[in-house]
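Content type mmCIF, C-alpha atoms and all ligand atoms, from the file input32.cif:
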data_entry
loop_
_atom_site.label_atom_id
_atom_site.label_comp_id
_atom_site.auth_asym_id
_atom_site.auth_seq_id
_atom_site.Cartn_x
_atom_site.Cartn_y
_atom_site.Cartn_z
CA MET Z 1 22.25 9.77 20.18
CA ALA Z 2 21.07 9.07 16.61
CA LYS Z 3 17.58 10.36 15.94
CA PHE Z 4 16.90 8.88 12.53
CA ILE Z 5 18.81 5.59 12.71
CA SER Z 6 17.57 2.54 14.61
CA PRO Z 7 20.04 -0.09 15.84
CA PRO Z 8 20.41 -3.17 13.60
CA ILE Z 9 17.77 -5.88 13.82
CA LEU Z 10 17.75 -9.34 12.30
CA SER Z 11 14.95 -9.44 9.77
CA ARG Z 12 14.06 -12.97 8.67
CA ARG Z 13 12.93 -11.58 5.36
CA PHE Z 14 15.81 -9.28 4.47
CA GLY Z 15 18.80 -10.09 6.73
CA ARG Z 16 20.61 -7.85 9.22
CA SER Z 17 19.01 -4.46 8.78
CA LEU Z 18 19.87 -0.91 9.84
CA GLY Z 19 16.74 1.25 9.81
CA ILE Z 20 16.38 4.90 8.77
CA ASP Z 21 13.21 6.42 10.23
CA LEU Z 22 12.05 9.45 8.25
CA SER Z 23 9.38 10.43 10.78
CA PRO Z 24 10.90 9.67 14.19
CA ASP Z 25 8.61 11.83 16.31
CA GLU Z 26 5.12 10.80 15.24
CA LYS Z 27 3.17 8.52 12.95
CA GLN Z 28 2.72 10.17 9.55
CA CYS Z 29 0.99 7.88 7.10
CA ASN Z 30 -1.62 8.05 4.36
CA PHE Z 31 -3.09 4.76 5.66
CA ASP Z 32 -4.48 4.01 9.11
CA CYS Z 33 -4.43 0.21 8.89
CA LEU Z 34 -6.47 -1.69 11.45
CA TYR Z 35 -3.46 -3.94 12.12
CA CYS Z 36 -0.84 -1.14 12.41
CA GLU Z 37 1.69 -1.62 15.20
CA LEU Z 38 1.65 2.14 15.75
CA ARG Z 39 -1.27 3.92 17.35
CA GLY Z 40 -4.17 4.91 15.10
CA ALA Z 41 -3.69 8.40 13.64
CA LYS Z 42 -5.30 10.78 11.16
CA THR Z 43 -3.99 10.13 7.67
CA VAL Z 44 -1.71 12.69 5.99
CA GLU Z 45 -0.52 13.28 2.42
CA ILE Z 46 3.06 14.36 3.16
CA ILE Z 47 5.57 14.08 6.02
CA GLN Z 48 5.50 17.37 7.93
CA ASN Z 49 8.76 18.74 9.38
CA PRO Z 50 10.85 16.23 7.42
CA PRO Z 51 14.47 15.68 8.49
CA SER Z 52 17.09 17.17 6.19
CA VAL Z 53 18.99 14.86 3.83
CA GLU Z 54 22.29 16.09 5.37
CA GLY Z 55 21.08 15.26 8.89
CA VAL Z 56 20.09 11.72 7.95
CA ILE Z 57 23.27 11.08 5.95
CA LYS Z 58 25.50 12.31 8.78
CA GLU Z 59 23.90 9.84 11.20
CA LEU Z 60 23.97 7.04 8.63
CA ALA Z 61 27.70 7.48 7.94
CA GLU Z 62 28.37 7.17 11.66
CA ALA Z 63 26.11 4.11 12.03
CA LEU Z 64 27.75 2.35 9.08
CA ARG Z 65 31.14 2.79 10.77
CA LYS Z 66 29.73 1.36 13.99
CA PHE Z 67 27.81 -1.55 12.41
CA PRO Z 68 29.84 -2.67 9.38
CA ASP Z 69 28.24 -6.15 9.25
CA ILE Z 70 24.71 -5.26 8.20
CA ASP Z 71 23.14 -6.60 4.98
CA VAL Z 72 20.57 -3.90 4.24
CA ILE Z 73 19.83 -0.27 5.01
CA THR Z 74 16.07 0.00 5.40
CA LEU Z 75 14.17 3.17 4.59
CA THR Z 76 11.08 3.26 6.72
CA ALA Z 77 9.12 5.78 8.74
CA ASN Z 78 6.71 5.92 11.60
CA GLY Z 79 4.34 5.76 8.68
CA GLU Z 80 4.95 5.85 4.93
CA PRO Z 81 8.48 6.68 3.67
CA THR Z 82 7.35 7.72 0.15
CA LEU Z 83 5.63 10.72 1.78
CA TYR Z 84 9.14 12.07 2.51
CA PRO Z 85 9.57 15.03 0.13
CA HIS Z 86 13.33 14.61 -0.56
CA LEU Z 87 13.33 10.88 -1.23
CA LYS Z 88 15.16 10.90 -4.56
CA GLU Z 89 17.96 13.08 -3.22
CA LEU Z 90 18.26 10.95 -0.09
CA VAL Z 91 18.44 7.71 -2.10
CA GLY Z 92 21.20 9.22 -4.25
CA GLU Z 93 23.23 10.18 -1.18
CA ILE Z 94 22.73 6.78 0.52
CA ASN Z 95 23.90 5.04 -2.65
CA LYS Z 96 27.17 7.00 -2.51
CA LEU Z 97 27.73 5.75 1.04
CA LYS Z 98 26.41 2.22 1.18
CA GLY Z 99 29.25 0.21 -0.43
CA GLY Z 100 28.24 -3.44 -0.77
CA LYS Z 101 25.07 -3.15 1.35
CA LYS Z 102 21.63 -3.16 -0.22
CA LEU Z 103 19.14 -0.36 0.16
CA LEU Z 104 15.58 -1.46 0.97
CA ILE Z 105 12.36 0.53 1.28
CA LEU Z 106 9.24 -0.68 3.10
CA SER Z 107 6.32 1.13 1.48
CA ASN Z 108 2.56 0.67 1.56
CA GLY Z 109 2.58 1.07 -2.23
CA SER Z 110 0.02 3.88 -2.27
CA ARG Z 111 2.14 6.40 -4.20
CA ILE Z 112 3.87 4.10 -6.64
CA TYR Z 113 1.83 5.55 -9.54
CA ASP Z 114 3.57 8.94 -8.97
CA LYS Z 115 6.42 9.45 -11.47
CA ASN Z 116 8.58 11.26 -8.87
CA VAL Z 117 8.21 8.37 -6.43
CA GLN Z 118 8.97 5.86 -9.20
CA GLU Z 119 12.11 7.81 -10.11
CA ALA Z 120 13.30 7.80 -6.49
CA LEU Z 121 12.57 4.09 -6.09
CA LEU Z 122 14.48 3.15 -9.24
CA GLY Z 123 17.69 3.83 -7.27
CA ILE Z 124 16.78 1.33 -4.53
CA ASP Z 125 17.94 -2.32 -4.50
CA ILE Z 126 14.86 -3.91 -2.92
CA VAL Z 127 11.43 -2.25 -3.03
CA LYS Z 128 8.78 -3.83 -0.80
CA LEU Z 129 5.22 -2.70 -1.55
CA SER Z 130 2.09 -3.81 0.30
CA LEU Z 131 -1.10 -4.97 -1.33
CA ASP Z 132 -3.49 -6.42 1.24
CA SER Z 133 -6.50 -6.72 -1.03
CA ALA Z 134 -7.51 -6.13 -4.61
CA VAL Z 135 -11.17 -5.75 -3.56
CA PRO Z 136 -11.83 -1.99 -3.17
CA ASN Z 137 -14.20 -2.36 -0.24
CA THR Z 138 -11.91 -4.70 1.70
CA PHE Z 139 -8.88 -2.52 0.98
CA LYS Z 140 -10.77 0.52 2.26
CA LYS Z 141 -11.99 -1.19 5.45
CA LEU Z 142 -8.66 -2.80 6.30
CA ASP Z 143 -6.09 -0.16 5.30
CA ARG Z 144 -8.31 2.91 5.84
CA PRO Z 145 -6.45 5.05 3.28
CA HIS Z 146 -6.47 8.84 2.90
CA LYS Z 147 -9.12 9.96 0.41
CA SER Z 148 -6.41 10.76 -2.15
CA VAL Z 149 -5.45 7.04 -2.41
CA ASN Z 150 -6.97 5.09 -5.29
CA LEU Z 151 -6.56 1.30 -5.38
CA GLU Z 152 -6.88 0.98 -9.14
CA GLN Z 153 -4.24 3.67 -9.68
CA MET Z 154 -2.01 1.97 -7.11
CA ILE Z 155 -2.19 -1.42 -8.86
CA GLU Z 156 -1.59 0.16 -12.27
CA GLY Z 157 1.39 2.03 -10.75
CA MET Z 158 2.82 -1.24 -9.41
CA ARG Z 159 2.52 -2.85 -12.84
CA GLU Z 160 4.10 0.14 -14.55
CA PHE Z 161 6.94 0.40 -12.01
CA SER Z 162 7.70 -3.29 -12.22
CA GLY Z 163 8.12 -2.94 -15.99
CA VAL Z 164 10.97 -0.43 -15.61
CA PHE Z 165 12.52 -1.52 -12.30
CA LYS Z 166 15.72 -3.50 -12.76
CA ASN Z 167 16.23 -4.56 -9.13
CA GLU Z 168 14.09 -6.67 -6.79
CA LEU Z 169 10.44 -5.99 -6.13
CA VAL Z 170 8.65 -7.72 -3.24
CA LEU Z 171 4.87 -7.59 -2.66
CA GLU Z 172 3.56 -8.12 0.85
CA ILE Z 173 0.07 -9.25 1.85
CA LEU Z 174 -0.90 -9.03 5.50
CA VAL Z 175 -3.87 -11.27 6.27
CA VAL Z 176 -6.47 -10.36 8.89
CA GLU Z 177 -9.30 -12.63 10.02
CA ASN Z 178 -12.64 -11.87 8.33
CA PHE Z 179 -11.14 -9.21 6.06
CA ASN Z 180 -8.84 -10.69 3.40
CA ASP Z 181 -8.63 -14.36 4.40
CA THR Z 182 -10.67 -16.13 1.73
CA ARG Z 183 -9.59 -18.15 -1.29
CA ASP Z 184 -11.43 -15.67 -3.53
CA ASP Z 185 -9.34 -12.78 -2.10
CA PHE Z 186 -6.19 -14.69 -3.00
CA ILE Z 187 -7.36 -15.77 -6.46
CA LEU Z 188 -7.84 -12.10 -7.26
CA LEU Z 189 -4.50 -11.16 -5.68
CA ASN Z 190 -2.80 -13.88 -7.72
CA ALA Z 191 -4.17 -12.34 -10.92
CA ILE Z 192 -2.71 -8.95 -9.91
CA ILE Z 193 0.61 -10.55 -8.91
CA ASN Z 194 0.83 -12.16 -12.35
CA LEU Z 195 0.51 -8.68 -13.86
CA VAL Z 196 2.95 -6.99 -11.47
CA LYS Z 197 5.49 -9.86 -11.57
CA PRO Z 198 7.38 -9.23 -8.30
CA ALA Z 199 10.48 -11.28 -7.47
CA ARG Z 200 8.80 -12.53 -4.29
CA VAL Z 201 5.51 -12.39 -2.39
CA ASP Z 202 5.53 -12.26 1.42
CA ILE Z 203 2.42 -13.36 3.27
CA SER Z 204 2.06 -12.60 6.95
CA THR Z 205 -0.49 -11.96 9.66
CA ILE Z 206 -0.66 -9.87 12.80
CA ASP Z 207 1.97 -10.87 15.37
CA ARG Z 208 2.16 -7.79 17.60
CA PRO Z 209 -0.46 -5.69 19.38
CA SER Z 210 -2.40 -3.73 16.77
CA ALA Z 211 -3.91 -0.24 16.67
CA TYR Z 212 -7.46 -1.59 16.49
CA LYS Z 213 -9.21 -4.80 17.57
CA VAL Z 214 -8.51 -7.26 14.80
CA LYS Z 215 -7.39 -10.87 14.79
CA ALA Z 216 -4.55 -12.79 13.18
CA VAL Z 217 -5.23 -15.89 11.12
CA SER Z 218 -3.53 -19.22 11.82
CA TYR Z 219 -0.35 -20.41 10.16
CA ASP Z 220 -2.40 -23.15 8.45
CA THR Z 221 -4.67 -20.51 6.89
CA LEU Z 222 -1.62 -18.64 5.56
CA GLU Z 223 -0.29 -21.89 4.15
CA ILE Z 224 -3.59 -22.71 2.42
CA LEU Z 225 -4.02 -19.19 1.04
CA SER Z 226 -0.41 -19.12 -0.20
CA ARG Z 227 -1.22 -22.03 -2.54
CA GLU Z 228 -3.28 -19.62 -4.64
CA ILE Z 229 -0.11 -17.67 -5.49
CA LYS Z 230 0.88 -19.75 -8.46
CA ASN Z 231 3.93 -18.40 -10.27
CA THR Z 232 5.96 -16.41 -7.75
CA PRO Z 233 8.24 -17.51 -4.89
CA THR Z 234 6.19 -16.98 -1.75
CA LEU Z 235 7.48 -16.56 1.77
CA ILE Z 236 5.22 -17.06 4.75
CA ALA Z 237 6.42 -14.76 7.53
CA LYS Z 238 5.13 -16.88 10.33
CA ARG Z 239 5.16 -16.52 14.06
CA GLU Z 240 7.65 -18.86 15.74
CA GLU Z 241 5.02 -20.86 17.60
CA GLY Z 242 3.00 -21.38 14.45
CA GLY Z 243 5.55 -23.68 12.78
CA LYS Z 244 4.72 -27.23 11.82
CA SER Z 245 6.80 -30.22 12.88
CA ALA Z 246 9.30 -31.48 10.32
CA SER Z 247 8.27 -34.40 8.10
CA ASN Z 248 10.15 -37.20 6.42
CA LEU Z 249 9.62 -36.77 2.68
CA SER Z 250 10.87 -38.97 -0.17
CA GLU Z 251 12.65 -37.40 -3.16
CA GLU Z 252 9.43 -37.68 -5.15
CA GLU Z 253 7.47 -35.91 -2.39
CA ILE Z 254 10.07 -33.15 -2.19
CA LEU Z 255 9.82 -32.63 -5.96
CA ARG Z 256 6.02 -32.48 -5.65
CA LEU Z 257 6.33 -29.95 -2.83
CA LEU Z 258 8.55 -27.74 -4.99
CA LYS Z 259 6.21 -28.15 -7.94
CA MET Z 260 3.46 -26.62 -5.80
CA ARG Z 261 5.66 -23.56 -5.21
CA PRO Z 262 9.32 -22.72 -4.48
CA GLN Z 263 10.21 -23.15 -0.79
CA SER Z 264 12.51 -20.83 1.11
CA GLU Z 265 15.47 -22.16 3.10
CA ARG Z 266 13.56 -21.42 6.28
CA ASP Z 267 10.43 -23.24 5.04
CA VAL Z 268 12.61 -26.22 4.22
CA GLN Z 269 14.15 -26.22 7.69
CA ASN Z 270 10.67 -26.20 9.22
CA LEU Z 271 9.06 -28.68 6.86
CA LEU Z 272 11.76 -31.32 6.33
CA ASP Z 273 13.51 -33.53 8.86
CA ASP Z 274 17.30 -34.03 8.68
CA GLU Z 275 17.08 -37.06 6.40
CA SER Z 276 14.77 -35.25 3.97
CA GLN Z 277 17.03 -32.22 3.95
CA LYS Z 278 19.89 -34.50 2.84
CA ARG Z 279 17.64 -35.76 0.02
CA LEU Z 280 16.97 -32.16 -0.95
CA GLU Z 281 20.71 -31.45 -1.13
CA ARG Z 282 21.16 -34.55 -3.28
CA LEU Z 283 18.46 -33.34 -5.69
CA LEU Z 284 20.34 -30.05 -5.85
CA GLU Z 285 23.65 -31.78 -6.65
CA GLU Z 286 21.95 -33.85 -9.33
CA GLY Z 287 20.62 -30.67 -10.96
CA LYS Z 288 16.97 -31.67 -10.52
CA ILE Z 289 16.28 -28.59 -8.46
CA THR Z 290 17.99 -25.23 -8.17
CA LYS Z 291 18.48 -22.44 -5.63
CA ILE Z 292 17.56 -18.84 -6.44
CA SER Z 293 17.81 -15.63 -4.46
CA ALA Z 294 14.74 -13.38 -4.28
CA ALA Z 295 15.36 -10.15 -2.37
CA ASN Z 296 17.93 -11.65 0.05
CA VAL Z 297 16.00 -14.88 0.67
CA LEU Z 298 17.13 -18.17 -0.89
CA PHE Z 299 14.50 -20.45 -2.40
CA TYR Z 300 14.66 -24.03 -3.65
CA LYS Z 301 12.73 -24.54 -6.89
CA LEU Z 302 12.37 -27.04 -9.72
CA CYS Z 303 14.77 -26.48 -12.62
S1 LIG Y 1 0.86 1.61 6.07
FE1 LIG Y 1 2.16 0.84 7.71
S2 LIG Y 1 2.52 2.61 9.05
FE2 LIG Y 1 0.82 3.12 7.71
S3 LIG Y 1 -0.95 2.61 8.92
FE3 LIG Y 1 -0.50 0.84 7.64
S4 LIG Y 1 0.80 -0.46 8.88
FE4 LIG Y 1 0.76 1.56 9.86
#
If you convert what's in this file into structure tokens, what do you get?
Ligand code: SF4
Amino acid sequence: MAKFISPPILSRRFGRSLGIDLSPDEKQCNFDCLYCELRGAKTVEIIQNPPSVEGVIKELAEALRKFPDIDVITLTANGEPTLYPHLKELVGEINKLKGGKKLLILSNGSRIYDKNVQEALLGIDIVKLSLDSAVPNTFKKLDRPHKSVNLEQMIEGMREFSGVFKNELVLEILVVENFNDTRDDFILLNAIINLVKPARVDISTIDRPSAYKVKAVSYDTLEILSREIKNTPTLIAKREEGGKSASNLSEEEILRLLKMRPQSERDVQNLLDDESQKRLERLLEEGKITKISAANVLFYKLC
């Protein structure tokens, strides 16, 4: 049985994904986020007893034969994958194997300032970094980082990396009630996002049992906060039950909606009724709006 490869899952944000877990036995992370789906654990600076590159690649080759239809290979860990000491070598070997699939990494962003990590990540197709708060005190309380992590250095590293990265960078903000759920938090985050310039911003909240007692915010709160992200396609990763009922919007209203911010295909399916979706397609045919891809998600936006 494969130790480092998880069976494919359908990720709404990235497509059909085959996971590589670089710390299958225990949580090894330099954060201990209040909302973590794994049990709380002491933070670490490096993955101890890391799997060998050969071992991971052998299992991956087998899994790719068994599951040829996946969209992405996702580098993750029971913790933080950039703490894996052979990351650059592993990325190089995966790239030799992956064919037309994309390679994705889900990172908390803490080590992006490190030149070795940047070098390894340059070989990846989609890099997802987290940034829950730009307020040092909130970041510290919510993500509970190892003492070696420095928020300012992290943000500067994201900006620097984005300047040299040729593929797709996604920033993720996870919102927790009474921690990072105010307009002011998002105004500040928007300023950072304008510096970092990711292809897409994902906003989500807790939707599974968490390590510590913290609460999710409502879908409406995510929607309101997302309006502060002004210049970047934003995807709200919402819980199924949180969706709104579809509305009937005129062409003018649809254009106004897209002026506010680009809307993903899924947002459109949730927000617009059948008739309005036909209007949207007409606007597309007429060249008044366009469709762009940001890290495997399609968005409608104004031309
Ligand atoms: S960064 Fe991810 S794995 Fe690490 S504690 Fe936070 S949620 Fe858990």
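Proximity to Z:Glu265 was assessed for Z:Arg12, Z:Leu90, Z:Thr221, Z:Leu195 counting all atoms listed in the file; the smallest distance is recorded for Z:Arg12.
Nearest residue to Z:Lys66 among Z:Pro8, Z:Ile289, Z:Val53, Z:Asn30 is Z:Pro8, counting only C-alpha atoms.
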Notebook entry, point to check: For ligand LIG 1 (chain Y), which residue among Z:Ile206, Z:Leu271, Z:Leu87, Z:Ile94 is the nearest when counting only C-alpha atoms and all ligand atoms?
Noted result: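 Smallest distance to ligand LIG 1 (chain Y) is found for Z:Ile206.
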List every residue of chain Z that has an atom at most 7 Å from any atom of ligand LIG 1 (chain Y), and for each one report the closest atom pair and its distance in Å to one decimal, counting only C-alpha atoms and all ligand atoms, with rows sorted by chain and then by increasing residue number, as a tab-separated table.
residue	atom	partner	partner_atom	distance
Z:Cys29	CA	Y:LIG1	FE2	4.8
Z:Asn30	CA	Y:LIG1	FE2	6.4
Z:Phe31	CA	Y:LIG1	S3	4.5
Z:Asp32	CA	Y:LIG1	S3	3.8
Z:Cys33	CA	Y:LIG1	FE3	4.2
Z:Tyr35	CA	Y:LIG1	S4	6.4
Z:Cys36	CA	Y:LIG1	S4	4.0
Z:Glu37	CA	Y:LIG1	FE4	6.3
Z:Leu38	CA	Y:LIG1	FE4	6.0
Z:Asn78	CA	Y:LIG1	S2	5.9
Z:Gly79	CA	Y:LIG1	S2	3.7
Z:Glu80	CA	Y:LIG1	FE2	5.7
Z:Asn108	CA	Y:LIG1	S1	4.9
Z:Asp143	CA	Y:LIG1	FE3	6.1
Notebook entry, point to check: What does the distance from atom CA of Z:Glu26 to atom CA of Z:Val201 come to in Å, to one decimal?
Noted result: 29.1 Å
Note to self: Which residues are near stretch 169-173 of chain Z? Cut-off 10 Å, only C-alpha atoms, ignore same chain within fewer than 3 positions. Put them as an NGL selection string.
What the structure shows: :Z and (104 or 106-109 or 124-133 or 158 or 161-162 or 165-166 or 176 or 180 or 186 or 189 or 193 or 196-205 or 233-237 or 294-295)
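For the pair atom CA of Z:Glu223 and atom CA of Z:Lys301, the separation is 17.3 Å.
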Next item on the list: Rank Z:Arg65, Z:Lys215, Z:Lys27, Z:Arg279 by their smallest atom-to-atom distance to Z:Val175, using only C-alpha atoms, and report the top residue only.
Entry: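 Closest to Z:Val175, using only C-alpha atoms: Z:Lys215.
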Note to self: Rounded to one decimal, what separation in Å do you get between atom CA of Z:Ile112 and atom CA of Z:Met154?
What the structure shows: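 The value is 6.3 Å.
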Item checked: Residue contacts of Z:Ala2 (8 Å, all atoms listed in the file) excluding same-chain residues fewer than 3 positions away, as a list in words ->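 Result of the neighbour search: Ile5, Ser6 and Glu59 of chain Z.
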Next item on the list: Using all atoms listed in the file, determine which residues lie at most 12 Å from Z:Cys303, disregarding the query and same-chain residues fewer than 6 positions distant; provide the list as number ranges by chain.
Entry: Z: 255, 258-259, 262, 283-292
Next item on the list: Choose the residue, out of Z:Ser148, Z:Asn95, Z:Gln118, Z:Ser17, that has the smallest atom-to-atom separation from Z:Val44; count only C-alpha atoms.
Entry: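 Closest to Z:Val44 of all the choices is Z:Ser148.
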Next item on the list: List the neighbours of Z:Ala246 out to 9 Å using only C-alpha atoms; skip same-chain residues closer than 4 positions along the sequence, and give me the result as a ChimeraX atom specification.
Entry: /Z:268-274
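Neighbouring residues of Z:Arg16 at 10 Å or closer, counting all atoms listed in the file and skipping chain neighbours under 2 positions away, are Z:Pro8, Z:Ile9, Z:Leu10, Z:Ser11, Z:Arg12, Z:Arg13, Z:Phe14, Z:Leu18, Z:Gly19, Z:Asp69, Z:Ile70, Z:Asp71, Z:Val72, Z:Ile73, Z:Thr74.
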For the selection you just gave me, I'd like the residues written to a file as an mmCIF file, in the frame of the given file, keeping C-alpha atoms.
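result_19.cif, written as the output of this step:
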data_model
loop_
_atom_site.group_PDB
_atom_site.id
_atom_site.type_symbol
_atom_site.label_atom_id
_atom_site.label_comp_id
_atom_site.auth_asym_id
_atom_site.auth_seq_id
_atom_site.Cartn_x
_atom_site.Cartn_y
_atom_site.Cartn_z
ATOM 1 C CA PRO Z 8 20.410 -3.170 13.600
ATOM 2 C CA ILE Z 9 17.770 -5.880 13.820
ATOM 3 C CA LEU Z 10 17.750 -9.340 12.300
ATOM 4 C CA SER Z 11 14.950 -9.440 9.770
ATOM 5 C CA ARG Z 12 14.060 -12.970 8.670
ATOM 6 C CA ARG Z 13 12.930 -11.580 5.360
ATOM 7 C CA PHE Z 14 15.810 -9.280 4.470
ATOM 8 C CA LEU Z 18 19.870 -0.910 9.840
ATOM 9 C CA GLY Z 19 16.740 1.250 9.810
ATOM 10 C CA ASP Z 69 28.240 -6.150 9.250
ATOM 11 C CA ILE Z 70 24.710 -5.260 8.200
ATOM 12 C CA ASP Z 71 23.140 -6.600 4.980
ATOM 13 C CA VAL Z 72 20.570 -3.900 4.240
ATOM 14 C CA ILE Z 73 19.830 -0.270 5.010
ATOM 15 C CA THR Z 74 16.070 0.000 5.400
#
Next item on the list: Pick out the closest residue to Z:Thr76 from this set: Z:Ile20, Z:Ile155, Z:Ile47, Z:Leu302. Count all atoms listed in the file.
Entry: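 For Z:Thr76, the nearest of the given residues is Z:Ile20.
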Next item on the list: Taking the point (16.0, 9.9, -4.0) as given in the file, collect each protein or nucleic acid residue that comes within 8 Å of it, counting all atoms listed in the file, and present the set as a PyMOL selection string.
Entry: chain Z and resi 86-93+119-121+123
For the selection just defined, write its residues with C-alpha atoms to a file, as an mmCIF file, in the frame of the given file.
data_model
loop_
_atom_site.group_PDB
_atom_site.id
_atom_site.type_symbol
_atom_site.label_atom_id
_atom_site.label_comp_id
_atom_site.auth_asym_id
_atom_site.auth_seq_id
_atom_site.Cartn_x
_atom_site.Cartn_y
_atom_site.Cartn_z
ATOM 1 C CA HIS Z 86 13.330 14.610 -0.560
ATOM 2 C CA LEU Z 87 13.330 10.880 -1.230
ATOM 3 C CA LYS Z 88 15.160 10.900 -4.560
ATOM 4 C CA GLU Z 89 17.960 13.080 -3.220
ATOM 5 C CA LEU Z 90 18.260 10.950 -0.090
ATOM 6 C CA VAL Z 91 18.440 7.710 -2.100
ATOM 7 C CA GLY Z 92 21.200 9.220 -4.250
ATOM 8 C CA GLU Z 93 23.230 10.180 -1.180
ATOM 9 C CA GLU Z 119 12.110 7.810 -10.110
ATOM 10 C CA ALA Z 120 13.300 7.800 -6.490
ATOM 11 C CA LEU Z 121 12.570 4.090 -6.090
ATOM 12 C CA GLY Z 123 17.690 3.830 -7.270
#
